[in-house]
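S.K.: Contents of entry.cif (mmCIF, C-alpha atoms) are below:
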```
data_model
loop_
_atom_site.label_atom_id
_atom_site.label_comp_id
_atom_site.auth_asym_id
_atom_site.auth_seq_id
_atom_site.Cartn_x
_atom_site.Cartn_y
_atom_site.Cartn_z
CA MET A 23 29.59 -49.66 54.15
CA ALA A 24 27.72 -46.84 55.84
CA GLU A 25 25.73 -44.53 53.61
CA GLN A 26 27.26 -41.11 53.16
CA THR A 27 26.04 -38.12 51.25
CA LYS A 28 28.51 -35.74 49.72
CA THR A 29 27.70 -32.55 47.86
CA PHE A 30 29.64 -31.64 44.77
CA ASP A 31 29.69 -28.77 42.30
CA VAL A 32 29.50 -29.10 38.56
CA ILE A 33 30.43 -25.97 36.62
CA PHE A 34 30.41 -25.60 32.86
CA GLU A 35 31.41 -22.43 31.04
CA GLY A 36 30.51 -21.41 27.52
CA THR A 37 31.98 -18.64 25.39
CA GLY A 38 29.96 -17.91 22.30
CA THR A 39 31.19 -15.95 19.32
CA ALA A 40 28.93 -14.90 16.49
CA SER A 41 30.24 -16.10 13.13
CA GLY A 42 28.33 -16.24 9.88
CA LYS A 43 24.82 -14.88 9.60
CA MET A 44 23.24 -16.79 12.46
CA ARG A 45 26.01 -19.21 13.35
CA ASN A 46 27.46 -19.19 16.87
CA ASP A 47 30.68 -20.94 17.75
CA ILE A 48 30.62 -21.95 21.38
CA HIS A 49 33.65 -23.07 23.28
CA VAL A 50 32.48 -25.06 26.28
CA THR A 51 34.83 -25.89 29.13
CA TRP A 52 34.44 -28.17 32.13
CA PRO A 53 37.31 -26.82 34.24
CA MET A 54 37.14 -29.48 36.98
CA MET A 55 37.68 -32.24 34.43
CA LYS A 56 40.07 -30.14 32.33
CA GLU A 57 37.85 -30.89 29.34
CA SER A 58 36.69 -28.61 26.58
CA PHE A 59 34.37 -28.97 23.61
CA ASP A 60 33.89 -26.90 20.48
CA LEU A 61 30.25 -26.74 19.56
CA ALA A 62 28.22 -24.61 17.20
CA THR A 63 24.65 -23.63 16.48
CA ASP A 64 23.11 -22.19 13.35
CA GLU A 65 19.69 -21.69 11.85
CA GLY A 66 18.37 -22.92 8.55
CA PRO A 67 17.75 -20.55 5.61
CA PHE A 68 14.15 -20.00 6.75
CA HIS A 69 15.47 -18.28 9.87
CA GLY A 70 18.25 -16.40 8.11
CA GLY A 71 21.10 -18.83 8.71
CA ASP A 72 23.19 -21.10 6.56
CA GLY A 73 22.35 -24.43 8.22
CA THR A 74 25.99 -25.16 9.06
CA ALA A 75 25.14 -26.58 12.51
CA PRO A 76 22.04 -27.70 14.40
CA PRO A 77 19.80 -25.04 15.93
CA PRO A 78 20.06 -24.50 19.70
CA LEU A 79 16.84 -26.40 20.37
CA ALA A 80 18.28 -29.50 18.67
CA LEU A 81 21.26 -29.39 21.03
CA PHE A 82 18.86 -28.89 23.90
CA THR A 83 16.80 -31.92 22.83
CA ALA A 84 19.94 -34.04 22.57
CA ALA A 85 21.20 -32.77 25.92
CA LEU A 86 18.00 -33.69 27.73
CA THR A 87 17.66 -37.06 26.01
CA GLY A 88 21.31 -37.93 26.50
CA CYS A 89 21.40 -36.80 30.11
CA LEU A 90 18.49 -39.00 31.07
CA MET A 91 19.90 -41.99 29.19
CA THR A 92 23.27 -41.58 30.84
CA GLN A 93 21.67 -41.45 34.26
CA ILE A 94 19.56 -44.51 33.51
CA ARG A 95 22.72 -46.46 32.75
CA ALA A 96 24.69 -45.01 35.65
CA PHE A 97 21.96 -45.82 38.15
CA ALA A 98 21.29 -49.24 36.63
CA LYS A 99 24.87 -50.09 37.53
CA ARG A 100 24.65 -48.66 41.02
CA LEU A 101 21.26 -50.17 41.79
CA LYS A 102 22.24 -53.44 40.09
CA ILE A 103 19.18 -53.41 37.84
CA ASP A 104 19.64 -55.22 34.57
CA ILE A 105 18.28 -53.05 31.79
CA GLY A 106 19.49 -54.51 28.51
CA GLU A 107 19.01 -52.12 25.60
CA VAL A 108 18.12 -48.51 26.43
CA LYS A 109 16.13 -46.43 24.01
CA VAL A 110 14.53 -43.09 24.89
CA ASN A 111 12.06 -41.14 22.79
CA ALA A 112 11.65 -37.50 23.73
CA ARG A 113 9.22 -34.93 22.43
CA LEU A 114 9.73 -31.31 23.33
CA HIS A 115 6.94 -28.92 22.61
CA TRP A 116 7.27 -25.16 22.99
CA LYS A 117 4.66 -22.56 22.31
CA GLY A 118 5.85 -19.18 21.15
CA ASP A 119 4.38 -15.81 20.41
CA VAL A 120 5.64 -13.57 17.71
CA ASP A 121 4.46 -10.02 17.29
CA LEU A 122 4.37 -8.88 13.75
CA ASP A 123 4.90 -5.15 14.09
CA SER A 124 7.13 -3.82 11.37
CA GLY A 125 8.27 -0.39 12.47
CA ALA A 126 9.95 -0.76 15.86
CA THR A 127 11.98 2.29 16.83
CA PRO A 128 15.60 1.92 17.94
CA GLU A 129 15.96 1.18 21.64
CA ASP A 130 18.81 0.68 24.03
CA GLN A 131 20.81 -2.48 24.57
CA ALA A 132 18.87 -3.41 27.65
CA ARG A 133 15.62 -3.50 25.73
CA LEU A 134 17.23 -5.74 23.15
CA LEU A 135 18.53 -8.13 25.76
CA ASP A 136 15.15 -8.18 27.39
CA ALA A 137 13.49 -9.06 24.08
CA ALA A 138 16.12 -11.68 23.31
CA ARG A 139 15.85 -13.45 26.65
CA LYS A 140 12.09 -13.56 26.31
CA GLY A 141 12.52 -14.92 22.78
CA CYS A 142 14.92 -17.60 23.93
CA PHE A 143 12.83 -20.73 24.47
CA ILE A 144 15.54 -22.37 26.49
CA GLU A 145 15.83 -19.52 28.94
CA THR A 146 12.08 -19.21 29.18
CA THR A 147 11.82 -22.93 29.83
CA LEU A 148 14.35 -22.67 32.61
CA ALA A 149 12.61 -19.67 34.15
CA GLN A 150 9.16 -21.25 34.18
CA GLY A 151 10.11 -24.60 35.54
CA LEU A 152 8.97 -27.66 33.68
CA THR A 153 8.06 -31.09 34.87
CA VAL A 154 9.27 -33.72 32.45
CA GLY A 155 6.80 -36.57 32.04
CA HIS A 156 7.99 -40.14 31.62
CA ARG A 157 6.53 -43.44 30.56
CA LEU A 158 8.04 -46.87 30.88
CA ARG A 159 7.20 -49.67 28.51
CA ILE A 160 6.50 -52.70 30.66
CA GLY A 161 6.00 -55.59 28.27
CA GLU A 162 3.79 -54.15 25.55
CA ALA A 163 2.08 -51.52 27.69
CA TRP A 164 3.19 -47.99 28.42
CA GLN A 165 2.88 -46.90 32.03
CA GLU A 166 3.23 -43.41 33.42
CA ALA A 167 6.26 -43.37 35.69
CA MET B 267 1.25 -2.05 9.84
CA ALA B 268 -0.94 -2.96 12.77
CA GLU B 269 0.62 -5.08 15.45
CA GLN B 270 -0.55 -8.65 15.48
CA THR B 271 0.33 -11.50 17.77
CA LYS B 272 0.32 -15.01 16.47
CA THR B 273 0.98 -18.13 18.48
CA PHE B 274 3.04 -20.91 17.00
CA ASP B 275 4.21 -24.35 18.08
CA VAL B 276 7.76 -25.57 17.98
CA ILE B 277 8.18 -29.31 18.37
CA PHE B 278 11.45 -31.20 18.45
CA GLU B 279 11.73 -34.96 18.81
CA GLY B 280 14.72 -36.94 19.95
CA THR B 281 15.33 -40.68 19.71
CA GLY B 282 18.26 -41.83 21.77
CA THR B 283 20.00 -45.17 21.37
CA ALA B 284 22.64 -46.38 23.79
CA SER B 285 25.86 -47.29 22.01
CA GLY B 286 29.24 -47.81 23.56
CA LYS B 287 29.72 -47.78 27.32
CA MET B 288 28.13 -44.41 28.03
CA ARG B 289 27.65 -43.07 24.52
CA ASN B 290 24.19 -42.13 23.34
CA ASP B 291 23.37 -41.49 19.70
CA ILE B 292 20.48 -39.11 19.44
CA HIS B 293 18.57 -38.52 16.27
CA VAL B 294 16.80 -35.17 16.59
CA THR B 295 14.06 -34.16 14.19
CA TRP B 296 12.27 -30.88 13.67
CA PRO B 297 9.28 -32.15 11.71
CA MET B 298 7.81 -28.74 10.83
CA MET B 299 11.02 -27.72 9.10
CA LYS B 300 11.69 -31.23 7.77
CA GLU B 301 15.12 -31.05 9.36
CA SER B 302 17.00 -33.67 11.31
CA PHE B 303 20.29 -33.75 13.15
CA ASP B 304 22.46 -36.60 14.37
CA LEU B 305 23.96 -35.76 17.71
CA ALA B 306 25.72 -37.77 20.37
CA THR B 307 26.74 -37.57 24.01
CA ASP B 308 29.35 -39.51 25.90
CA GLU B 309 31.20 -39.28 29.19
CA GLY B 310 34.92 -39.18 29.78
CA PRO B 311 36.83 -42.14 31.23
CA PHE B 312 36.33 -40.78 34.76
CA HIS B 313 32.60 -41.39 34.39
CA GLY B 314 32.94 -44.70 32.61
CA GLY B 315 32.73 -43.48 29.03
CA ASP B 316 35.10 -43.29 26.09
CA GLY B 317 34.98 -39.52 25.51
CA THR B 318 33.77 -39.93 21.92
CA ALA B 319 31.33 -36.99 22.20
CA PRO B 320 30.65 -34.10 24.58
CA PRO B 321 28.72 -34.85 27.79
CA PRO B 322 25.05 -33.80 27.88
CA LEU B 323 25.80 -30.76 30.03
CA ALA B 324 28.20 -29.44 27.38
CA LEU B 325 25.42 -29.63 24.79
CA PHE B 326 23.10 -27.95 27.26
CA THR B 327 25.61 -25.13 27.83
CA ALA B 328 26.01 -24.64 24.08
CA ALA B 329 22.24 -24.75 23.56
CA LEU B 330 21.58 -22.04 26.14
CA THR B 331 24.46 -19.84 24.99
CA GLY B 332 23.62 -20.26 21.32
CA CYS B 333 19.90 -19.71 21.83
CA LEU B 334 20.44 -16.41 23.59
CA MET B 335 22.96 -15.23 20.98
CA THR B 336 20.62 -16.14 18.14
CA GLN B 337 17.80 -14.21 19.77
CA ILE B 338 20.03 -11.20 20.37
CA ARG B 339 20.82 -11.09 16.67
CA ALA B 340 17.27 -11.77 15.57
CA PHE B 341 15.85 -9.05 17.80
CA ALA B 342 18.62 -6.61 16.92
CA LYS B 343 17.42 -6.82 13.36
CA ARG B 344 13.77 -6.49 14.25
CA LEU B 345 14.30 -3.64 16.71
CA LYS B 346 16.88 -2.00 14.42
CA ILE B 347 19.50 -1.85 17.16
CA ASP B 348 23.06 -1.90 15.88
CA ILE B 349 25.03 -4.37 17.94
CA GLY B 350 28.32 -4.98 16.13
CA GLU B 351 30.15 -8.02 17.46
CA VAL B 352 28.24 -10.34 19.79
CA LYS B 353 30.06 -12.36 22.41
CA VAL B 354 28.35 -14.16 25.28
CA ASN B 355 30.02 -15.76 28.27
CA ALA B 356 27.90 -18.22 30.19
CA ARG B 357 28.64 -19.98 33.44
CA LEU B 358 26.36 -22.80 34.53
CA HIS B 359 26.69 -24.05 38.05
CA TRP B 360 24.91 -27.14 39.33
CA LYS B 361 25.11 -28.62 42.79
CA GLY B 362 24.68 -32.36 43.10
CA ASP B 363 24.39 -34.91 45.82
CA VAL B 364 25.74 -38.37 45.52
CA ASP B 365 25.11 -41.05 48.07
CA LEU B 366 27.95 -43.44 48.49
CA ASP B 367 26.17 -46.59 49.60
CA SER B 368 27.70 -49.64 48.00
CA GLY B 369 25.21 -52.44 48.48
CA ALA B 370 21.92 -51.35 46.91
CA THR B 371 19.52 -54.21 46.42
CA PRO B 372 17.89 -54.83 43.02
CA GLU B 373 14.75 -52.76 42.46
CA ASP B 374 12.20 -52.40 39.74
CA GLN B 375 12.44 -50.26 36.61
CA ALA B 376 10.35 -47.50 38.10
CA ARG B 377 12.79 -47.02 40.92
CA LEU B 378 15.63 -46.83 38.45
CA LEU B 379 13.87 -44.23 36.35
CA ASP B 380 13.09 -42.27 39.47
CA ALA B 381 16.75 -42.30 40.48
CA ALA B 382 17.88 -41.41 36.98
CA ARG B 383 15.55 -38.47 36.59
CA LYS B 384 16.67 -37.12 39.93
CA GLY B 385 20.28 -37.62 38.85
CA CYS B 386 19.73 -35.81 35.58
CA PHE B 387 20.81 -32.24 36.18
CA ILE B 388 19.02 -31.02 33.09
CA GLU B 389 15.70 -32.47 34.11
CA THR B 390 16.14 -31.25 37.67
CA THR B 391 16.96 -27.79 36.35
CA LEU B 392 13.83 -27.79 34.25
CA ALA B 393 11.69 -28.97 37.14
CA GLN B 394 12.93 -26.38 39.61
CA GLY B 395 12.75 -23.39 37.37
CA LEU B 396 15.81 -21.21 37.06
CA THR B 397 16.18 -17.53 36.52
CA VAL B 398 19.11 -16.83 34.24
CA GLY B 399 21.02 -13.71 35.29
CA HIS B 400 22.49 -11.39 32.69
CA ARG B 401 24.96 -8.54 32.61
CA LEU B 402 25.64 -6.11 29.81
CA ARG B 403 29.02 -4.50 29.35
CA ILE B 404 28.33 -0.81 28.79
CA GLY B 405 31.68 0.77 27.99
CA GLU B 406 34.05 -0.77 30.52
CA ALA B 407 31.47 -1.42 33.22
CA TRP B 408 29.26 -4.44 33.68
CA GLN B 409 25.65 -3.71 34.53
CA GLU B 410 23.02 -6.14 35.70
CA ALA B 411 20.35 -6.36 33.03
#
```
Spit out the file's structure as C-alpha cells when you get a sec.
M.R.:
Amino acid sequence: MAEQTKTFDVIFEGTGTASGKMRNDIHVTWPMMKESFDLATDEGPFHGGDGTAPPPLALFTAALTGCLMTQIRAFAKRLKIDIGEVKVNARLHWKGDVDLDSGATPEDQARLLDAARKGCFIETTLAQGLTVGHRLRIGEAWQEA
Amino acid sequence: MAEQTKTFDVIFEGTGTASGKMRNDIHVTWPMMKESFDLATDEGPFHGGDGTAPPPLALFTAALTGCLMTQIRAFAKRLKIDIGEVKVNARLHWKGDVDLDSGATPEDQARLLDAARKGCFIETTLAQGLTVGHRLRIGEAWQEA
C-alpha cells in the first residue's frame, strides 16, 4: 500500500465550575467522538482546599505519563515491535516564585487574570516550551533516547 | 510588610503501568506534601481501548482548566479582588498527522520511542511551546485579556 499522510483535528473542550473552597468540577467533551468525562480538581488543606480530588498538576502528570504510554503501545502495534510489559516513570519538576507581600490593593479583573495565568504552572509550561527527556532501559543499563 | 520573593520547587512523580488493552494505571505522588493519587487513562473502542477511564487528553484539558481556575481563586484572595462565581470554558485544538503505511518493518526500541513521543500530543505541545489565549467577559462583551 502506498504511504499517505492525512491531517486530522483533535478538539477537546472543558467547562470548569468552581465548587467548594478550591474544588473545580470540569466537564470535558470530545465532540468528534461524542464522548464526555466528568473530572475534578481540588487542593489539600495546606492550599485551602478540602482534598476531594487530585490537584491539577497530578492530572497533568497522569496525562503526560498516560499519553506517552498509549503512544508507545499504539506505535508498537503499527511498527510491529514486540514490547512486552510497559512501565513508565515520570518526574515533573517545576520551579515557582511566590511574592510574599501582604497588602495588595484591589485591582481590576485583567490584573487578576494576568496574575493567575502566571501562577498557573501548566500554562507557564505550555508557554515556555519544554523538551521532555527520555531514557530507555536496555538490559540493565539506562540509555538516553 | 516588605515584599519578598522566595523560590520553591514543585515535584510530581508518576509511575504508569499498562493494564488492559490501552488502559494505563498511573500512581502519582507529590512527595513534598506526602500525597498520592491513583489515576488512570484509557481509550475508547475506536482507538482499541475499553473506555474504562478518560483518555490522556481529557485529563490534560481538566488539568489546564482546573489549574487556571485554582489560580484565579488563589490570586483573587491575595489581591483582594471580589470575583463571585468562577466559570472557565477551555477549548484545546490539536492538529495531528497520521501516516497510513501498512507494512512497517520491525525496528528497535529507540525508533518506537521516537515515534511515540512524536505521536504524543501532550509532549509535542510541551516541546513547541504554546501561548494560551484568554478572554474575559466584562458585562455582556468578551474582551481579549
S.K.: Evaluate the PyMOL selection byres ((chain B and resi 329) around 9) and record the selected residues as a list of chain:residue names, following the chain and residue labels used in the document.
M.R.: A:Ala62, A:Thr63, A:Pro77, A:Pro78, A:Leu79, A:Ala80, A:Leu81, A:Phe82, A:Ala85, A:Ile144, B:Ala324, B:Leu325, B:Phe326, B:Thr327, B:Ala328, B:Leu330, B:Thr331, B:Gly332, B:Cys333, B:Leu334
S.K.: For atom CA of Pro67 of chain A and atom CA of Asn111 of chain A, quote the distance in Å rounded to one decimal.
M.R.: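 These two atoms are separated by 27.4 Å.
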S.K.: Kindly give the distance, in Å, that separates atom CA of Gly71 of chain A and atom CA of Asn290 of chain B, rounded to a single decimal.
M.R.: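 Answer for the atom CA of Gly71 of chain A to atom CA of Asn290 of chain B separation: 27.7 Å.
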S.K.: Taking into account only C-alpha atoms, which residue in the set B:His359, B:His313, B:Lys300, B:Arg339 is nearest to Phe34 of chain A?
M.R.: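 Residue with the minimum atom-to-atom distance to Phe34 of chain A: B:His359.
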S.K.: What's the separation between atom CA of Lys109 of chain A and atom CA of Thr147 of chain A, in Å to one decimal place?
M.R.: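 Answer for the atom CA of Lys109 of chain A to atom CA of Thr147 of chain A separation: 24.6 Å.
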S.K.: Show which residues sit within 6 Å of segment 36-42 of chain A, as a ChimeraX atom specification. Count only C-alpha atoms, and ignore same-chain residues fewer than 2 positions away.
M.R.: /A:44-50 /B:352-356
S.K.: Pick the closest to chain B from A:Thr29, A:Ile105, A:Phe68, A:Trp164: which is it, counting all atoms listed in the file?
M.R.: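 Ranked by minimum distance to chain B, first place goes to A:Thr29.
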S.K.: Determine the nearest neighbour of Val276 of chain B from the options A:Ala96, A:Leu114, A:Asp104, A:Phe59, counting all atoms listed in the file.
M.R.: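 Looking only at the distances to Val276 of chain B, the closest residue turns out to be A:Leu114.
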S.K.: Smallest atom-to-atom distance to chain B: which of A:Ala163, A:Pro76, A:Pro53, A:Gly106, using only C-alpha atoms?
M.R.: A:Pro76
S.K.: For a quick check of understanding, using all atoms listed in the file, which of B:Met299, B:Ile277, B:Lys287, B:Glu410 has the smallest distance to chain A?
M.R.: B:Ile277
S.K.: Edge lengths and centre in Å to one decimal, as lines of an AutoDock Vina configuration file, of the axis-aligned box that encloses all listed atoms of segment 320-331 of chain B with 3 Å added on every side?
M.R.:
```
center_x = 26.1
center_y = -27.3
center_z = 26.8
size_x = 15.1
size_y = 21.0
size_z = 12.5
```
S.K.: Closest to chain B among A:Trp116, A:Gly70, A:Glu57, A:Lys99, using all atoms listed in the file?
M.R.: A:Trp116
S.K.: If I only have part of segment 57-68 of chain A, can you fill in all heavy atoms and write it as a CSV table (one decimal), in the coordinates of the input?
M.R.:
```csv
chain,number,residue,atom,x,y,z
A,57,GLU,N,38.4,-30.5,30.7
A,57,GLU,CA,37.8,-30.9,29.3
A,57,GLU,C,37.3,-29.7,28.6
A,57,GLU,O,36.7,-28.8,29.3
A,57,GLU,CB,36.8,-32.0,29.5
A,57,GLU,CG,37.3,-33.3,29.9
A,57,GLU,CD,36.2,-34.4,30.1
A,57,GLU,OE1,35.1,-34.2,29.6
A,57,GLU,OE2,36.6,-35.4,30.7
A,58,SER,N,37.4,-29.7,27.3
A,58,SER,CA,36.7,-28.6,26.6
A,58,SER,C,36.1,-29.2,25.3
A,58,SER,O,36.6,-30.2,24.8
A,58,SER,CB,37.6,-27.4,26.3
A,58,SER,OG,38.7,-27.8,25.4
A,59,PHE,N,35.1,-28.5,24.8
A,59,PHE,CA,34.4,-29.0,23.6
A,59,PHE,C,34.0,-27.8,22.7
A,59,PHE,O,33.6,-26.8,23.2
A,59,PHE,CB,33.1,-29.6,24.1
A,59,PHE,CG,33.3,-30.6,25.2
A,59,PHE,CD1,33.2,-30.3,26.5
A,59,PHE,CD2,33.7,-31.9,24.9
A,59,PHE,CE1,33.4,-31.2,27.5
A,59,PHE,CE2,33.9,-32.9,25.9
A,59,PHE,CZ,33.8,-32.5,27.2
A,60,ASP,N,34.3,-27.9,21.4
A,60,ASP,CA,33.9,-26.9,20.5
A,60,ASP,C,32.6,-27.3,19.8
A,60,ASP,O,32.5,-28.3,19.1
A,60,ASP,CB,35.0,-26.7,19.5
A,60,ASP,CG,36.2,-26.0,20.1
A,60,ASP,OD1,36.0,-24.9,20.7
A,60,ASP,OD2,37.3,-26.6,20.0
A,61,LEU,N,31.6,-26.5,20.1
A,61,LEU,CA,30.2,-26.7,19.6
A,61,LEU,C,29.8,-25.5,18.8
A,61,LEU,O,30.4,-24.5,18.8
A,61,LEU,CB,29.3,-27.1,20.7
A,61,LEU,CG,29.6,-28.4,21.5
A,61,LEU,CD1,29.0,-28.4,22.8
A,61,LEU,CD2,29.1,-29.6,20.6
A,62,ALA,N,28.7,-25.7,18.0
A,62,ALA,CA,28.2,-24.6,17.2
A,62,ALA,C,26.7,-24.8,17.0
A,62,ALA,O,26.2,-25.9,17.1
A,62,ALA,CB,28.9,-24.6,15.8
A,63,THR,N,26.1,-23.6,16.9
A,63,THR,CA,24.6,-23.6,16.5
A,63,THR,C,24.5,-22.8,15.2
A,63,THR,O,25.3,-21.9,15.0
A,63,THR,CB,23.7,-23.1,17.6
A,63,THR,OG1,24.0,-21.7,17.8
A,63,THR,CG2,24.0,-23.8,18.9
A,64,ASP,N,23.5,-23.0,14.5
A,64,ASP,CA,23.1,-22.2,13.4
A,64,ASP,C,21.6,-22.3,13.2
A,64,ASP,O,20.9,-23.1,13.9
A,64,ASP,CB,23.9,-22.7,12.1
A,64,ASP,CG,24.0,-21.6,11.0
A,64,ASP,OD1,23.3,-20.5,11.1
A,64,ASP,OD2,24.7,-21.8,10.0
A,65,GLU,N,21.1,-21.6,12.2
A,65,GLU,CA,19.7,-21.7,11.8
A,65,GLU,C,19.6,-22.0,10.4
A,65,GLU,O,20.6,-21.8,9.6
A,65,GLU,CB,18.9,-20.4,12.1
A,65,GLU,CG,18.9,-19.9,13.5
A,65,GLU,CD,18.1,-20.7,14.5
A,65,GLU,OE1,17.1,-21.4,14.0
A,65,GLU,OE2,18.5,-20.8,15.7
A,66,GLY,N,18.6,-22.6,10.0
A,66,GLY,CA,18.4,-22.9,8.6
A,66,GLY,C,18.1,-21.6,7.8
A,66,GLY,O,17.8,-20.6,8.4
A,67,PRO,N,18.0,-21.7,6.5
A,67,PRO,CA,17.8,-20.6,5.6
A,67,PRO,C,16.4,-19.8,6.0
A,67,PRO,O,16.4,-18.6,5.9
A,67,PRO,CB,17.7,-21.2,4.2
A,67,PRO,CG,18.5,-22.4,4.3
A,67,PRO,CD,18.3,-22.9,5.7
A,68,PHE,N,15.4,-20.6,6.4
A,68,PHE,CA,14.2,-20.0,6.8
A,68,PHE,C,14.3,-19.0,7.9
A,68,PHE,O,13.6,-18.0,7.9
A,68,PHE,CB,13.2,-21.1,7.2
A,68,PHE,CG,11.8,-20.6,7.5
A,68,PHE,CD1,10.9,-20.4,6.5
A,68,PHE,CD2,11.4,-20.3,8.8
A,68,PHE,CE1,9.6,-20.0,6.8
A,68,PHE,CE2,10.1,-19.9,9.1
A,68,PHE,CZ,9.2,-19.7,8.1
```
